[in-house]
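Visitor: One file: query-v8.txt (compact mmCIF, C-alpha atoms).
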```txt
# COMPACT_ATOMS: atom_id res chain seq x y z
CA MET G 1 70.11 -3.29 -21.14
CA CYS G 2 68.21 -6.33 -22.54
CA THR G 3 66.59 -9.52 -21.26
CA SER G 4 65.44 -12.46 -23.40
CA LEU G 5 63.91 -15.83 -22.55
CA THR G 6 61.86 -18.70 -23.94
CA TYR G 7 58.61 -20.07 -22.51
CA ARG G 8 56.71 -23.27 -23.36
CA ASP G 9 52.99 -23.96 -23.07
CA ALA G 10 51.29 -27.19 -21.98
CA ASP G 11 51.62 -28.60 -25.52
CA ASP G 12 55.34 -27.73 -25.63
CA ASN G 13 54.89 -24.92 -28.16
CA VAL G 14 57.67 -22.33 -27.90
CA TYR G 15 57.31 -18.59 -27.26
CA PHE G 16 60.01 -15.97 -26.99
CA GLY G 17 60.13 -12.64 -25.16
CA ARG G 18 62.67 -9.85 -24.87
CA THR G 19 63.02 -6.29 -23.64
CA LEU G 20 65.36 -3.57 -24.89
CA GLU G 21 66.56 -0.82 -22.57
CA LEU G 22 68.41 2.38 -23.54
CA THR G 23 68.66 5.93 -22.21
CA VAL G 24 67.19 7.60 -25.33
CA ASP G 25 64.37 7.02 -27.78
CA LEU G 26 65.71 5.86 -31.14
CA PRO G 27 64.01 5.88 -34.56
CA TYR G 28 63.01 2.21 -34.46
CA GLN G 29 61.29 0.92 -37.58
CA ILE G 30 59.04 -2.14 -37.91
CA ALA G 31 60.08 -3.68 -41.22
CA TYR G 32 58.77 -6.64 -43.21
CA PHE G 33 61.06 -8.20 -45.82
CA PRO G 34 59.33 -10.67 -48.18
CA ALA G 35 60.76 -13.86 -49.62
CA GLY G 36 62.83 -12.96 -52.66
CA ALA G 37 64.25 -9.75 -51.19
CA ALA G 38 67.91 -9.11 -52.08
CA PHE G 39 70.51 -8.14 -49.47
CA THR G 40 74.12 -7.00 -49.59
CA SER G 41 76.60 -7.06 -46.70
CA GLN G 42 79.77 -5.02 -47.19
CA ALA G 43 82.85 -5.15 -44.96
CA GLU G 44 85.72 -2.83 -45.75
CA GLY G 45 88.48 -4.46 -47.79
CA HIS G 46 86.38 -7.45 -48.89
CA PRO G 47 84.05 -8.22 -51.78
CA ALA G 48 80.37 -7.68 -51.01
CA LEU G 49 78.38 -10.67 -49.80
CA THR G 50 74.97 -10.93 -51.48
CA TYR G 51 72.08 -13.17 -50.51
CA THR G 52 68.37 -13.47 -51.27
CA SER G 53 65.68 -14.21 -48.72
CA THR G 54 64.08 -17.63 -48.82
CA HIS G 55 61.83 -16.67 -45.91
CA GLY G 56 59.75 -13.59 -45.26
CA PHE G 57 60.50 -11.97 -41.91
CA LEU G 58 59.37 -9.15 -39.65
CA ALA G 59 61.82 -7.17 -37.53
CA VAL G 60 62.36 -4.23 -35.25
CA THR G 61 65.16 -2.36 -37.00
CA MET G 62 67.38 0.65 -36.48
CA PRO G 63 69.21 2.78 -39.10
CA ASP G 64 72.98 2.28 -38.90
CA ARG G 65 73.80 5.89 -39.71
CA VAL G 66 72.52 9.42 -39.23
CA PRO G 67 70.63 10.62 -42.32
CA THR G 68 71.61 13.77 -44.21
CA ALA G 69 69.76 15.91 -46.75
CA ASP G 70 71.84 14.35 -49.52
CA ALA G 71 71.64 10.79 -48.18
CA PRO G 72 68.31 9.92 -46.55
CA ILE G 73 67.85 6.56 -44.87
CA GLY G 74 67.08 3.70 -47.26
CA ILE G 75 65.89 0.13 -46.75
CA GLY G 76 69.50 -1.11 -46.90
CA ASP G 77 70.43 1.05 -43.90
CA LEU G 78 68.05 -0.78 -41.56
CA LYS G 79 69.73 -3.29 -39.23
CA VAL G 80 67.78 -5.98 -37.38
CA LEU G 81 67.61 -5.75 -33.58
CA GLU G 82 64.83 -8.32 -33.15
CA GLY G 83 63.00 -10.44 -35.70
CA LEU G 84 60.88 -13.47 -36.53
CA ASN G 85 60.68 -15.31 -39.86
CA ASP G 86 57.93 -17.41 -41.42
CA LYS G 87 59.47 -20.65 -40.09
CA GLY G 88 59.50 -19.52 -36.47
CA LEU G 89 63.21 -18.60 -36.34
CA THR G 90 64.01 -15.60 -34.14
CA PHE G 91 67.05 -13.33 -34.03
CA SER G 92 67.93 -10.97 -31.19
CA LEU G 93 70.69 -8.44 -30.66
CA LEU G 94 71.69 -7.74 -27.03
CA SER G 95 74.38 -5.39 -25.75
CA TYR G 96 77.80 -6.89 -24.95
CA PRO G 97 80.54 -4.24 -24.68
CA ALA G 98 83.43 -6.76 -24.54
CA ALA G 99 82.74 -7.92 -28.10
CA GLY G 100 85.41 -5.79 -29.74
CA GLY G 101 88.94 -7.06 -30.26
CA THR G 102 91.48 -8.31 -32.76
CA GLN G 103 90.00 -10.88 -35.13
CA GLN G 104 91.71 -13.53 -37.20
CA ALA G 105 92.48 -12.23 -40.69
CA VAL G 106 90.28 -13.38 -43.56
CA ASP G 107 91.51 -13.65 -47.16
CA LYS G 108 90.86 -10.27 -48.80
CA THR G 109 89.39 -11.97 -51.86
CA ARG G 110 86.70 -13.67 -49.79
CA ALA G 111 83.27 -12.16 -49.21
CA VAL G 112 82.57 -11.77 -45.50
CA LEU G 113 79.45 -11.01 -43.50
CA SER G 114 79.45 -7.83 -41.44
CA ALA G 115 78.23 -8.60 -37.91
CA SER G 116 75.73 -5.77 -38.36
CA ASP G 117 73.96 -7.89 -41.00
CA LEU G 118 73.72 -11.12 -39.00
CA GLY G 119 70.01 -10.49 -38.44
CA THR G 120 68.96 -10.25 -42.07
CA TRP G 121 71.39 -13.03 -43.04
CA ALA G 122 69.92 -15.50 -40.51
CA LEU G 123 66.24 -14.61 -40.80
CA ALA G 124 66.25 -14.42 -44.59
CA GLN G 125 67.85 -17.80 -45.24
CA PHE G 126 67.35 -20.28 -42.43
CA ALA G 127 64.55 -22.22 -40.74
CA THR G 128 66.34 -23.76 -37.75
CA VAL G 129 69.12 -23.06 -35.30
CA GLN G 130 71.02 -26.04 -36.70
CA ASP G 131 70.90 -24.46 -40.16
CA VAL G 132 72.37 -21.24 -38.78
CA LYS G 133 75.13 -23.10 -36.92
CA ALA G 134 76.10 -25.06 -40.01
CA ALA G 135 76.20 -21.93 -42.17
CA LEU G 136 78.30 -20.02 -39.63
CA ALA G 137 80.93 -22.77 -39.78
CA ASP G 138 81.64 -21.75 -43.37
CA GLN G 139 80.84 -18.03 -43.35
CA PRO G 140 83.42 -15.57 -41.96
CA VAL G 141 81.85 -12.79 -39.87
CA LEU G 142 83.69 -9.55 -39.16
CA LEU G 143 83.10 -6.92 -36.51
CA GLU G 144 83.13 -3.40 -37.83
CA ALA G 145 83.45 -0.02 -36.17
CA LEU G 146 79.98 1.52 -35.95
CA ALA G 147 80.05 5.27 -36.47
CA ILE G 148 76.55 5.67 -35.02
CA LEU G 149 77.83 4.17 -31.74
CA GLY G 150 80.92 6.36 -31.60
CA GLY G 151 83.17 3.93 -33.45
CA VAL G 152 82.88 0.93 -31.12
CA GLU G 153 83.02 -2.50 -32.75
CA SER G 154 79.61 -4.23 -32.81
CA PRO G 155 79.22 -4.46 -29.00
CA PHE G 156 76.54 -7.17 -29.01
CA HIS G 157 75.56 -10.75 -28.34
CA TYR G 158 73.49 -12.34 -31.13
CA VAL G 159 70.84 -14.85 -30.03
CA VAL G 160 68.88 -17.25 -32.26
CA HIS G 161 65.90 -19.45 -31.32
CA ASP G 162 63.71 -21.76 -33.39
CA ALA G 163 60.28 -23.37 -33.09
CA SER G 164 61.73 -26.57 -31.63
CA GLY G 165 63.11 -24.63 -28.66
CA ALA G 166 66.74 -24.88 -29.79
CA SER G 167 68.83 -21.80 -29.08
CA ILE G 168 72.34 -20.49 -29.68
CA VAL G 169 74.31 -17.45 -28.55
CA ILE G 170 76.81 -16.02 -31.04
CA GLU G 171 79.55 -14.18 -29.19
CA PHE G 172 82.59 -12.18 -30.19
CA ASN G 173 84.48 -12.28 -26.92
CA ARG G 174 87.29 -9.77 -27.46
CA GLY G 175 87.08 -10.43 -31.15
CA VAL G 176 86.93 -14.24 -31.13
CA MET G 177 83.65 -15.66 -32.44
CA THR G 178 82.12 -18.55 -30.52
CA VAL G 179 78.73 -20.19 -31.09
CA HIS G 180 77.29 -21.54 -27.83
CA ASP G 181 74.35 -23.90 -27.50
CA ASN G 182 71.98 -22.30 -24.99
CA PRO G 183 70.35 -24.97 -22.80
CA VAL G 184 68.38 -22.49 -20.66
CA GLY G 185 67.03 -20.34 -23.50
CA VAL G 186 67.86 -17.17 -21.55
CA MET G 187 70.23 -14.29 -22.31
CA THR G 188 70.97 -10.84 -20.95
CA ASN G 189 74.20 -8.87 -21.44
CA GLY G 190 77.81 -9.18 -20.25
CA PRO G 191 79.84 -10.99 -19.19
CA GLU G 192 80.25 -13.86 -21.62
CA PHE G 193 77.54 -16.53 -21.87
CA GLY G 194 79.63 -19.29 -20.26
CA TRP G 195 80.10 -17.13 -17.18
CA HIS G 196 76.33 -16.76 -16.80
CA LEU G 197 75.89 -20.54 -16.87
CA THR G 198 78.62 -21.01 -14.26
CA ASN G 199 76.99 -18.37 -12.07
CA LEU G 200 73.67 -20.22 -12.38
CA ASP G 201 75.38 -23.12 -10.55
CA ASN G 202 75.17 -20.93 -7.42
CA TYR G 203 71.36 -21.02 -7.51
CA THR G 204 70.56 -24.72 -7.32
CA PHE G 205 68.55 -24.00 -4.15
CA LEU G 206 65.89 -22.06 -6.08
CA THR G 207 62.39 -23.52 -6.11
CA ASN G 208 58.91 -22.09 -6.58
CA VAL G 209 57.62 -23.87 -3.45
CA ASP G 210 57.00 -21.49 -0.53
CA LYS G 211 58.45 -22.77 2.76
CA SER G 212 56.45 -20.61 5.09
CA SER G 213 57.45 -21.96 8.50
CA GLY G 214 60.58 -23.03 10.34
CA THR G 215 61.79 -23.76 13.86
CA PHE G 216 64.61 -21.95 15.64
CA GLY G 217 65.19 -23.48 19.06
CA ALA G 218 61.82 -23.37 20.81
CA TYR G 219 60.53 -20.64 18.51
CA LYS G 220 58.38 -21.51 15.51
CA ALA G 221 58.70 -18.86 12.84
CA THR G 222 55.83 -18.37 10.41
CA GLN G 223 55.89 -16.27 7.25
CA PRO G 224 52.78 -14.02 7.21
CA ASP G 225 52.48 -13.89 3.41
CA SER G 226 53.09 -15.95 0.27
CA GLY G 227 56.05 -15.47 -2.05
CA ILE G 228 59.00 -16.42 0.17
CA ALA G 229 60.23 -18.79 -2.57
CA THR G 230 61.54 -15.82 -4.56
CA ALA G 231 63.59 -14.41 -1.66
CA GLY G 232 66.75 -15.95 -3.08
CA LEU G 233 66.45 -14.25 -6.46
CA PRO G 234 68.86 -11.39 -7.22
CA ALA G 235 67.00 -8.11 -6.90
CA SER G 236 69.16 -5.81 -9.02
CA ASN G 237 68.67 -4.87 -12.66
CA THR G 238 72.23 -5.87 -13.56
CA SER G 239 72.66 -8.33 -16.41
CA VAL G 240 73.86 -10.95 -13.91
CA GLY G 241 70.77 -10.60 -11.71
CA ARG G 242 68.38 -10.51 -14.66
CA PHE G 243 69.86 -13.70 -16.14
CA VAL G 244 69.10 -15.64 -12.95
CA ARG G 245 65.60 -14.16 -12.64
CA ALA G 246 64.83 -14.91 -16.29
CA ALA G 247 65.96 -18.52 -15.87
CA TYR G 248 63.72 -18.80 -12.79
CA TYR G 249 60.61 -17.42 -14.51
CA ALA G 250 61.19 -19.50 -17.63
CA GLN G 251 61.49 -22.64 -15.49
CA PHE G 252 58.67 -22.21 -13.01
CA THR G 253 55.93 -20.16 -14.65
CA GLU G 254 52.79 -22.27 -15.07
CA LYS G 255 52.36 -23.73 -18.56
CA ALA G 256 49.34 -22.21 -20.26
CA ALA G 257 46.68 -24.47 -21.80
CA THR G 258 46.22 -22.58 -25.09
CA PRO G 259 48.45 -20.47 -27.38
CA ASP G 260 46.51 -17.27 -26.64
CA GLN G 261 46.83 -17.86 -22.91
CA ALA G 262 50.54 -18.60 -23.41
CA VAL G 263 51.13 -15.22 -25.07
CA GLN G 264 49.29 -13.54 -22.21
CA THR G 265 51.33 -15.49 -19.66
CA LEU G 266 54.58 -14.54 -21.39
CA ALA G 267 53.53 -10.89 -21.27
CA HIS G 268 53.15 -11.21 -17.49
CA VAL G 269 56.62 -12.78 -17.28
CA MET G 270 58.23 -9.99 -19.30
CA ASN G 271 56.58 -7.38 -17.08
CA ASN G 272 59.08 -8.46 -14.42
CA PHE G 273 61.84 -6.95 -16.56
CA ASP G 274 60.04 -3.73 -17.49
CA ARG G 275 61.99 -0.70 -16.29
CA PRO G 276 60.39 2.73 -15.74
CA ARG G 277 62.43 5.89 -16.27
CA GLY G 278 64.35 7.00 -13.19
CA VAL G 279 64.50 3.64 -11.40
CA THR G 280 68.27 3.63 -11.97
CA ILE G 281 70.22 6.72 -13.03
CA ASP G 282 73.79 7.76 -13.88
CA TYR G 283 75.11 11.29 -13.49
CA PRO G 284 77.33 12.66 -16.27
CA ASP G 285 80.66 11.96 -14.56
CA GLY G 286 81.85 9.34 -17.05
CA SER G 287 81.06 6.32 -14.88
CA GLY G 288 77.98 5.14 -16.78
CA SER G 289 78.07 2.10 -19.06
CA HIS G 290 75.37 3.03 -21.56
CA LEU G 291 75.55 2.83 -25.33
CA GLU G 292 75.71 6.32 -26.79
CA VAL G 293 74.17 6.84 -30.22
CA ALA G 294 75.67 9.51 -32.47
CA GLY G 295 73.24 12.27 -33.37
CA LEU G 296 70.74 11.10 -30.76
CA ASP G 297 72.36 11.95 -27.45
CA GLN G 298 70.74 14.18 -24.89
CA GLY G 299 72.99 17.14 -25.75
CA GLY G 300 74.14 17.61 -22.16
CA LYS G 301 70.73 18.99 -21.23
CA ALA G 302 69.64 16.10 -19.01
CA ALA G 303 70.75 16.03 -15.38
CA TYR G 304 71.24 12.27 -15.55
CA ALA G 305 70.91 9.27 -17.86
CA THR G 306 68.26 6.67 -17.07
CA GLU G 307 67.74 3.39 -18.86
CA PHE G 308 64.13 2.49 -19.55
CA THR G 309 62.38 -0.28 -21.46
CA SER G 310 62.17 1.23 -24.92
CA TRP G 311 60.14 -1.70 -26.20
CA THR G 312 59.13 -5.26 -25.37
CA ASN G 313 58.59 -8.03 -27.91
CA LEU G 314 56.75 -11.36 -27.72
CA SER G 315 56.96 -13.99 -30.47
CA ASP G 316 54.72 -17.02 -30.97
CA LEU G 317 57.07 -19.29 -32.93
CA ALA G 318 54.50 -21.93 -33.92
CA ARG G 319 51.86 -19.48 -35.20
CA THR G 320 54.46 -16.92 -36.42
CA LEU G 321 52.86 -14.03 -34.56
CA PHE G 322 54.96 -11.03 -33.54
CA PHE G 323 53.87 -8.68 -30.73
CA VAL G 324 55.52 -5.40 -29.73
CA ARG G 325 54.84 -2.46 -27.44
CA ASP G 326 56.90 0.64 -26.76
CA TYR G 327 57.37 2.65 -23.56
CA ARG G 328 54.21 4.68 -24.16
CA SER G 329 51.88 1.68 -24.08
CA LEU G 330 51.00 -1.26 -21.85
CA ASN G 331 49.24 -3.04 -24.72
CA PHE G 332 50.87 -5.03 -27.49
CA SER G 333 50.36 -4.57 -31.23
CA LYS G 334 50.17 -7.89 -33.12
CA PHE G 335 51.58 -8.74 -36.54
CA ASP G 336 50.67 -11.98 -38.35
CA LEU G 337 53.43 -13.20 -40.67
CA LYS G 338 51.03 -15.51 -42.49
CA ALA G 339 48.90 -12.51 -43.49
CA LEU G 340 52.01 -10.66 -44.66
CA ALA G 341 53.22 -13.55 -46.81
CA GLY G 342 51.58 -12.21 -49.98
CA LEU G 343 53.63 -9.00 -49.98
CA LYS G 344 56.19 -8.65 -52.77
CA GLN G 345 57.95 -5.49 -51.57
CA PRO G 346 59.36 -4.53 -48.16
CA LYS G 347 57.13 -2.52 -45.84
CA VAL G 348 58.39 -0.12 -43.15
CA LEU G 349 56.42 1.45 -40.30
CA PRO G 350 57.89 3.66 -37.55
CA LEU G 351 57.47 1.99 -34.17
CA ASP G 352 56.10 5.18 -32.68
CA ARG G 353 53.11 4.93 -35.05
CA LEU G 354 51.85 2.05 -32.93
CA GLY G 355 51.17 4.13 -29.84
CA GLY G 356 47.48 4.54 -30.64
CA ALA G 357 47.13 1.53 -32.92
CA GLU G 358 44.63 -1.23 -32.36
CA ALA G 359 45.91 -4.58 -31.13
CA GLU G 360 45.80 -5.97 -34.67
CA ALA G 361 48.50 -4.01 -36.54
CA THR G 362 49.08 -6.22 -39.60
CA ASP G 363 46.87 -4.10 -41.86
CA LEU G 364 48.57 -0.93 -40.63
CA LEU G 365 51.93 -2.28 -41.79
CA MET G 366 50.53 -3.53 -45.08
CA GLY G 367 49.27 -0.03 -45.83
CA ALA G 368 52.54 1.68 -44.85
```
Starting from the coordinates I provided, produce the structure as structure tokens.

Guide:
Amino acid sequence: MCTSLTYRDADDNVYFGRTLELTVDLPYQIAYFPAGAAFTSQAEGHPALTYTSTHGFLAVTMPDRVPTADAPIGIGDLKVLEGLNDKGLTFSLLSYPAAGGTQQAVDKTRAVLSASDLGTWALAQFATVQDVKAALADQPVLLEALAILGGVESPFHYVVHDASGASIVIEFNRGVMTVHDNPVGVMTNGPEFGWHLTNLDNYTFLTNVDKSSGTFGAYKATQPDSGIATAGLPASNTSVGRFVRAAYYAQFTEKAATPDQAVQTLAHVMNNFDRPRGVTIDYPDGSGSHLEVAGLDQGGKAAYATEFTSWTNLSDLARTLFFVRDYRSLNFSKFDLKALAGLKQPKVLPLDRLGGAEAEATDLLMGA
């Protein structure tokens, strides 16, 4: 469903990459929110929580409801799936179906943050992971049933990284919120984050050094090719296998000498998690584990469901550059948050407009 990881260059600058996989194309929107933008988070039965952005940020967003003729989609309906702010803080939403569950009651007179608004709340107000952690200690967050996902309760992990390389995973494991420090900078999907770390203990033998010969009795075996070092990596596209592979690539990929080379290197790394349509499929017998989006299903016309990499994102946290490509392209479109800093109003651009765009897409967004 999703894979995210951090990468460092030779000067220890931090870069972040992630993929998002689903079985359908959704109306993703690239949105820029300037400093000074006002936000409201509303959870049923509680006063609205309002906040104003201190930092401008760019995000891949998704409407949280199906539009109607009487109620078209507005800027307040866009929820952040992936984003980067002008201080190099990133926010990522990754599928985690076990998130729902009974939560501790919060005083009805207290304003709470809907989990659906964690992205705007974090990117708009904070510069570091430590800032986000401190704020979460005092801010109640509630899961809400999402009509556009068939009424399930916010089935996601929420991952935050900053320019120092610090990272946290915010989890609602069966309704209980936990904020985990993430020492590997990697995340995929279920099960819970702590389980992934424990499972990583089973892979202490991994190394990037090829051992291409060995002796068995009087026979000397010789590997006829390079690459045997990766033989121990899980091969499947399950979240468990991808977590181990992501940790491996983040650890052993050569550190690039320059920021531009680092972005290019990270793109090569993320290609290892790119999934073409049809590589794995599920027939409509009820056994699949995909997120279904109301109003955007396949209407029973497709013979099977197949997850594919809807889009891939790269973020340069030091230079505040945001790169994205969708399934139709192998090239990334680049957005420069420094160039967007002068905007006073939000800008929104459909992701599918980038299919034929030039690599530099900042001006395209500014003119949206």

Visitor: Which of these, G:Pro234, G:Gly88, G:Pro276, G:Pro27, has the shortest distance to G:Phe322 once you count only C-alpha atoms?

Guide: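 Result for the nearest residue to G:Phe322: G:Gly88.
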
Visitor: Have a look at G:Pro224, G:Pro47, G:Gly119, G:Gly165 and name the one nearest to G:Tyr15; count only C-alpha atoms.

Guide: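 Nearest to G:Tyr15: G:Gly165.
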
Visitor: Can you list, as a PDB file with C-alpha atoms, keeping the file's coordinate frame, every protein, DNA or RNA residue that comes within 10 Å of G:Leu349 when you count only C-alpha atoms, leaving out same-chain residues fewer than 2 positions away?

Guide:
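To be explicit, this is the file written out as result.pdb:
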```
ATOM      1  CA  TYR G  28      63.010   2.210 -34.460  1.00  0.00           C
ATOM      2  CA  GLN G  29      61.290   0.920 -37.580  1.00  0.00           C
ATOM      3  CA  ILE G  30      59.040  -2.140 -37.910  1.00  0.00           C
ATOM      4  CA  ALA G  31      60.080  -3.680 -41.220  1.00  0.00           C
ATOM      5  CA  TYR G  32      58.770  -6.640 -43.210  1.00  0.00           C
ATOM      6  CA  VAL G  60      62.360  -4.230 -35.250  1.00  0.00           C
ATOM      7  CA  LYS G 347      57.130  -2.520 -45.840  1.00  0.00           C
ATOM      8  CA  LEU G 351      57.470   1.990 -34.170  1.00  0.00           C
ATOM      9  CA  ASP G 352      56.100   5.180 -32.680  1.00  0.00           C
ATOM     10  CA  ARG G 353      53.110   4.930 -35.050  1.00  0.00           C
ATOM     11  CA  LEU G 354      51.850   2.050 -32.930  1.00  0.00           C
ATOM     12  CA  LEU G 364      48.570  -0.930 -40.630  1.00  0.00           C
ATOM     13  CA  LEU G 365      51.930  -2.280 -41.790  1.00  0.00           C
ATOM     14  CA  MET G 366      50.530  -3.530 -45.080  1.00  0.00           C
ATOM     15  CA  GLY G 367      49.270  -0.030 -45.830  1.00  0.00           C
ATOM     16  CA  ALA G 368      52.540   1.680 -44.850  1.00  0.00           C
TER      17      ALA G 368
END
```

Visitor: Taking only C-alpha atoms into account, name the residue in G:Leu78, G:Pro155, G:Ala98, G:Ser164 that is nearest to G:Pro350.

Guide: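 The shortest atom-to-atom distance to G:Pro350 comes from G:Leu78.
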
Visitor: Counting all atoms listed in the file, what is within 10 Å of G:Ala122, bar same-chain residues fewer than 4 positions away, as number ranges by chain?

Guide: G: 53, 55, 83, 85, 89-91, 117-118, 126-129, 131-133, 135-136, 160

Visitor: Create the file for the chosen residues now, containing C-alpha atoms and written as a short mmCIF file (atom, residue, chain, number, x, y, z; two decimals), in the coordinates of the input.

Guide:
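Okay, out.cif is ready:
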```cif
data_model
loop_
_atom_site.label_atom_id
_atom_site.label_comp_id
_atom_site.auth_asym_id
_atom_site.auth_seq_id
_atom_site.Cartn_x
_atom_site.Cartn_y
_atom_site.Cartn_z
CA SER G 53 65.68 -14.21 -48.72
CA HIS G 55 61.83 -16.67 -45.91
CA GLY G 83 63.00 -10.44 -35.70
CA ASN G 85 60.68 -15.31 -39.86
CA LEU G 89 63.21 -18.60 -36.34
CA THR G 90 64.01 -15.60 -34.14
CA PHE G 91 67.05 -13.33 -34.03
CA ASP G 117 73.96 -7.89 -41.00
CA LEU G 118 73.72 -11.12 -39.00
CA PHE G 126 67.35 -20.28 -42.43
CA ALA G 127 64.55 -22.22 -40.74
CA THR G 128 66.34 -23.76 -37.75
CA VAL G 129 69.12 -23.06 -35.30
CA ASP G 131 70.90 -24.46 -40.16
CA VAL G 132 72.37 -21.24 -38.78
CA LYS G 133 75.13 -23.10 -36.92
CA ALA G 135 76.20 -21.93 -42.17
CA LEU G 136 78.30 -20.02 -39.63
CA VAL G 160 68.88 -17.25 -32.26
#
```

Visitor: Can you tell me, as a CSV table (one decimal) with C-alpha atoms, in the frame of the given file, what residues are no more than 12 Å from G:Gly76 when counting only C-alpha atoms, ignoring any on the same chain fewer than 5 positions away?

Guide:
```
chain,number,residue,atom,x,y,z
G,31,ALA,CA,60.1,-3.7,-41.2
G,33,PHE,CA,61.1,-8.2,-45.8
G,37,ALA,CA,64.2,-9.8,-51.2
G,38,ALA,CA,67.9,-9.1,-52.1
G,39,PHE,CA,70.5,-8.1,-49.5
G,40,THR,CA,74.1,-7.0,-49.6
G,41,SER,CA,76.6,-7.1,-46.7
G,42,GLN,CA,79.8,-5.0,-47.2
G,61,THR,CA,65.2,-2.4,-37.0
G,62,MET,CA,67.4,0.6,-36.5
G,63,PRO,CA,69.2,2.8,-39.1
G,64,ASP,CA,73.0,2.3,-38.9
G,65,ARG,CA,73.8,5.9,-39.7
G,116,SER,CA,75.7,-5.8,-38.4
G,117,ASP,CA,74.0,-7.9,-41.0
G,120,THR,CA,69.0,-10.2,-42.1
G,346,PRO,CA,59.4,-4.5,-48.2
G,348,VAL,CA,58.4,-0.1,-43.2
```

Visitor: Of the candidates G:Gly227, G:Pro97, G:Gly342, G:Gly214, which shows the shortest atom-to-atom distance to G:Asn173, using all atoms listed in the file?

Guide: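 The shortest atom-to-atom distance to G:Asn173 comes from G:Pro97.
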